[in-house]
Structures are given as structure tokens and as C-alpha cells.
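Student: Got a structure for you, written out below as C-alpha cells; questions coming shortly.
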Amino acid sequence: MQNPTIRRVVYVTLYELVALVVVTAALSVVSGQPAVDTGVIAVASSVIAVSWAYVFNLAFERWEASRRVHGRSLARRVVHATLYEAGLVLMLVPLIAWQLDVTLWEAFLYDLGLIAFFTAYTFGFTALFDWVFGLPASAS
């Protein structure tokens, strides 16, 4: 796939669609809640995560540009990922607790499961996507 914009749109669309189906079904099985309720969480989580990623990365990149030391060291990447996930947890745990009518602790545990899933899913999905569609120009 040569056009990087089309590649990104196809990637995000497929990534989110597969994730919505998997998260809805898995959360329904694990929580014992109807798929309608877990589907609301999956869709809302997706919208929140994408929106938060945009806002967070905008702020992080502004902060990063103001630093005397440029580049992305391992430490800076760890801080970036940790702060992003912490913000997401703060937004998603109350939503999960409310939608599933569970305690904040139970919602936090469900969210930890989502974090573990998305870490592995992103790795696997990206590898499979690159295998099917080829590497992007930046990696070729």
C-alpha cells in the first residue's frame, strides 16, 4: 500500500473494528454482563482513547520541544507511555464502573485486562498488517 494516508486510515479502521468486536465479546464473558453494555464500553473506550491520544500527544510534544535535551530516550518513552495510560485509566475506570454497575476496584481490574489485551493486540495486529499490506515507506 503506497499512499501513507490511505494506509493509516485502513490500519486504524481495521484495528478499531477488530478491537470493538473482541473487547465487547471478551468483556461480556469475563464480566457476565450483556454484550450491549460491554459494547457501549468498547465504543466509548475507543473514542476516549483516540481523543486522549490526540490531546495528550499534542501536549507532550509541546513539552518535549521546550526541553534542552531532544530525542526520545528510553526514559522519555517510558514516561510518555505511563502518563498516557494513567490518564486513560482515570477516564475509563469510572465509565466501566458506572456502565457495568461494579465497584471502582472491579472496574480497575477490568481496565488492567484491557491494557494487557491492547498491548499484545497492538503488537500482533501491526505485525499481521505489515505482513499483509507490506511495510510503510518509512520502514522499507
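By order in the C-alpha cells, chains are A, B, ...; within a chain, residues start at 1; ligands start at 1, following the order shown.
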So which residues touch Leu112 in chain A within 12 Å, counting only C-alpha atoms, skipping near sequence neighbours fewer than 3 positions away, as number ranges by chain?
Tutor: A: 27, 85-86, 88-90, 92-93, 96, 105-109, 115-119
Student: Kindly save the residues from that selection, with N, CA and C atoms included, as a CSV table (one decimal), in the first residue's frame.
Tutor:
```csv
chain,number,residue,atom,x,y,z
A,27,LEU,N,-15.2,-8.9,27.2
A,27,LEU,CA,-15.6,-8.3,28.5
A,27,LEU,C,-17.0,-8.8,28.9
A,85,GLU,N,-1.2,6.1,29.7
A,85,GLU,CA,-2.0,5.0,30.2
A,85,GLU,C,-2.7,5.5,31.5
A,86,ALA,N,-2.0,6.2,32.4
A,86,ALA,CA,-2.6,6.7,33.6
A,86,ALA,C,-3.8,7.6,33.3
A,88,LEU,N,-5.6,7.5,30.7
A,88,LEU,CA,-6.7,6.7,30.2
A,88,LEU,C,-7.4,5.9,31.3
A,89,VAL,N,-6.6,5.4,32.2
A,89,VAL,CA,-7.2,4.7,33.4
A,89,VAL,C,-8.1,5.6,34.2
A,90,LEU,N,-7.7,6.9,34.4
A,90,LEU,CA,-8.5,7.8,35.2
A,90,LEU,C,-9.8,8.1,34.5
A,92,LEU,N,-11.3,5.9,32.1
A,92,LEU,CA,-12.1,4.7,31.8
A,92,LEU,C,-12.6,4.0,33.0
A,93,VAL,N,-11.9,4.0,34.1
A,93,VAL,CA,-12.4,3.2,35.3
A,93,VAL,C,-13.7,3.7,35.7
A,96,ILE,N,-16.3,2.4,33.2
A,96,ILE,CA,-16.6,1.0,33.3
A,96,ILE,C,-17.4,0.7,34.6
A,105,TRP,N,-12.8,-0.7,42.1
A,105,TRP,CA,-11.8,-1.7,42.1
A,105,TRP,C,-12.0,-2.7,41.0
A,106,GLU,N,-13.2,-3.2,40.9
A,106,GLU,CA,-13.5,-4.2,39.9
A,106,GLU,C,-13.3,-3.6,38.5
A,107,ALA,N,-13.8,-2.3,38.3
A,107,ALA,CA,-13.6,-1.6,37.1
A,107,ALA,C,-12.1,-1.5,36.7
A,108,PHE,N,-11.3,-1.2,37.7
A,108,PHE,CA,-9.8,-1.1,37.6
A,108,PHE,C,-9.2,-2.4,37.1
A,109,LEU,N,-9.7,-3.5,37.7
A,109,LEU,CA,-9.2,-4.8,37.3
A,109,LEU,C,-9.6,-5.1,35.8
A,115,ILE,N,-5.7,-3.2,29.2
A,115,ILE,CA,-4.4,-2.7,29.0
A,115,ILE,C,-3.5,-3.9,28.5
A,116,ALA,N,-3.6,-5.0,29.2
A,116,ALA,CA,-2.8,-6.2,28.8
A,116,ALA,C,-3.2,-6.6,27.4
A,117,PHE,N,-4.5,-6.7,27.1
A,117,PHE,CA,-5.0,-7.1,25.8
A,117,PHE,C,-4.5,-6.2,24.7
A,118,PHE,N,-4.6,-4.9,24.9
A,118,PHE,CA,-4.2,-3.9,23.9
A,118,PHE,C,-2.7,-3.9,23.6
A,119,THR,N,-2.0,-4.2,24.7
A,119,THR,CA,-0.5,-4.3,24.4
A,119,THR,C,-0.2,-5.4,23.5
```
Student: Skip Arg77 in chain A itself and residues of its chain fewer than 4 positions away, then list as a PDB file with N, CA, C and O atoms, in the first residue's frame all residues within 12 Å of it, counting only C-alpha atoms.
Tutor:
```pdb
ATOM      1  N   ASN A  57      -0.742  13.675  23.136  1.00  0.00           N
ATOM      2  CA  ASN A  57       0.458  13.790  22.302  1.00  0.00           C
ATOM      3  C   ASN A  57       0.726  15.229  21.890  1.00  0.00           C
ATOM      4  O   ASN A  57       1.885  15.639  21.800  1.00  0.00           O
ATOM      5  N   PHE A  60       2.266  16.644  25.048  1.00  0.00           N
ATOM      6  CA  PHE A  60       3.580  16.049  25.296  1.00  0.00           C
ATOM      7  C   PHE A  60       4.612  16.583  24.311  1.00  0.00           C
ATOM      8  O   PHE A  60       5.742  16.897  24.687  1.00  0.00           O
ATOM      9  N   GLU A  61       4.224  16.691  23.049  1.00  0.00           N
ATOM     10  CA  GLU A  61       5.159  17.188  22.039  1.00  0.00           C
ATOM     11  C   GLU A  61       5.505  18.658  22.260  1.00  0.00           C
ATOM     12  O   GLU A  61       6.635  19.078  22.002  1.00  0.00           O
ATOM     13  N   GLU A  64       7.935  18.478  25.091  1.00  0.00           N
ATOM     14  CA  GLU A  64       9.161  17.895  24.577  1.00  0.00           C
ATOM     15  C   GLU A  64       9.984  18.918  23.786  1.00  0.00           C
ATOM     16  O   GLU A  64      11.208  18.974  23.906  1.00  0.00           O
ATOM     17  N   GLY A  71      15.258  14.396  21.428  1.00  0.00           N
ATOM     18  CA  GLY A  71      15.321  12.966  21.162  1.00  0.00           C
ATOM     19  C   GLY A  71      14.381  12.223  22.091  1.00  0.00           C
ATOM     20  O   GLY A  71      13.792  12.805  23.002  1.00  0.00           O
ATOM     21  N   ARG A  72      14.242  10.947  21.853  1.00  0.00           N
ATOM     22  CA  ARG A  72      13.347  10.129  22.671  1.00  0.00           C
ATOM     23  C   ARG A  72      14.113   8.970  23.276  1.00  0.00           C
ATOM     24  O   ARG A  72      14.200   7.884  22.710  1.00  0.00           O
ATOM     25  N   SER A  73      14.637   9.230  24.434  1.00  0.00           N
ATOM     26  CA  SER A  73      15.366   8.208  25.171  1.00  0.00           C
ATOM     27  C   SER A  73      14.380   7.159  25.682  1.00  0.00           C
ATOM     28  O   SER A  73      13.158   7.374  25.678  1.00  0.00           O
ATOM     29  N   ALA A  81       4.526   6.740  27.789  1.00  0.00           N
ATOM     30  CA  ALA A  81       3.568   5.636  27.827  1.00  0.00           C
ATOM     31  C   ALA A  81       2.847   5.562  29.174  1.00  0.00           C
ATOM     32  O   ALA A  81       1.628   5.350  29.223  1.00  0.00           O
ATOM     33  N   THR A  82       3.589   5.763  30.249  1.00  0.00           N
ATOM     34  CA  THR A  82       2.999   5.682  31.588  1.00  0.00           C
ATOM     35  C   THR A  82       1.977   6.786  31.814  1.00  0.00           C
ATOM     36  O   THR A  82       0.877   6.531  32.322  1.00  0.00           O
ATOM     37  N   LEU A  83       2.319   8.003  31.437  1.00  0.00           N
ATOM     38  CA  LEU A  83       1.384   9.119  31.610  1.00  0.00           C
ATOM     39  C   LEU A  83       0.146   8.956  30.731  1.00  0.00           C
ATOM     40  O   LEU A  83      -0.975   9.237  31.162  1.00  0.00           O
ATOM     41  N   TYR A  84       0.342   8.490  29.507  1.00  0.00           N
ATOM     42  CA  TYR A  84      -0.796   8.265  28.616  1.00  0.00           C
ATOM     43  C   TYR A  84      -1.745   7.232  29.235  1.00  0.00           C
ATOM     44  O   TYR A  84      -2.952   7.456  29.331  1.00  0.00           O
TER      45      TYR A  84
END
```
Student: So which residues of chain A fall under alpha helix (DSSP H) by DSSP, listed as an MDAnalysis selection string?
Tutor: chainID A and resid 4:31 35:65 74:100 104:133
Student: How many Å lie between CA of Ile41 in chain A and CA of Val79 in chain A, rounded to one decimal?
Tutor: 26.6 Å
Student: Could you check the closest approach to Val18 in chain A for each of A:Tyr121, A:Gln2, A:Val30, A:Trp98 and tell me which residue wins, using only C-alpha atoms?
Tutor: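 Of A:Tyr121, A:Gln2, A:Val30, A:Trp98, the one nearest Val18 in chain A, counting only C-alpha atoms, is A:Tyr121.
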Student: Could you check how far CA of Val10 in chain A sits from CA of Ala26 in chain A, in Å to one decimal?
Tutor: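 CA of Ala26 in chain A lies 24.0 Å from CA of Val10 in chain A.
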Student: Can you tell me, as a list in words, what residues are no more than 10 Å from range 46-48 of chain A when counting only C-alpha atoms, ignoring any on the same chain fewer than 6 positions away?
Tutor: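 Selected residues are Glu16, Leu17, Ala19, Leu20, Val40, Tyr54, Leu88, Met91 and Leu92 of chain A.
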Student: Pick from A:Asp101, A:Ala53, A:Ile6, A:Asp130: nearest to Gln33 in chain A, with only C-alpha atoms counted?
Tutor: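 Checking each candidate against Gln33 in chain A, we get A:Asp101 as the closest.
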Student: Nearest residue to Ser51 in chain A out of A:Leu114, A:Trp63, A:Gly87, A:Asp37, using only C-alpha atoms?
Tutor: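 Among A:Leu114, A:Trp63, A:Gly87, A:Asp37, it is A:Gly87 that comes nearest to Ser51 in chain A.
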Student: For Ala44 in chain A, which of A:Gln99, A:Ser66, A:Thr13, A:Ser31 is the closest residue, counting only C-alpha atoms?
Tutor: A:Gln99
Student: For the atom pair CA of Tyr11 in chain A and CA of Phe133 in chain A, what is the interatomic distance in Å to one decimal place?
Tutor: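 A separation of 9.6 Å between them.
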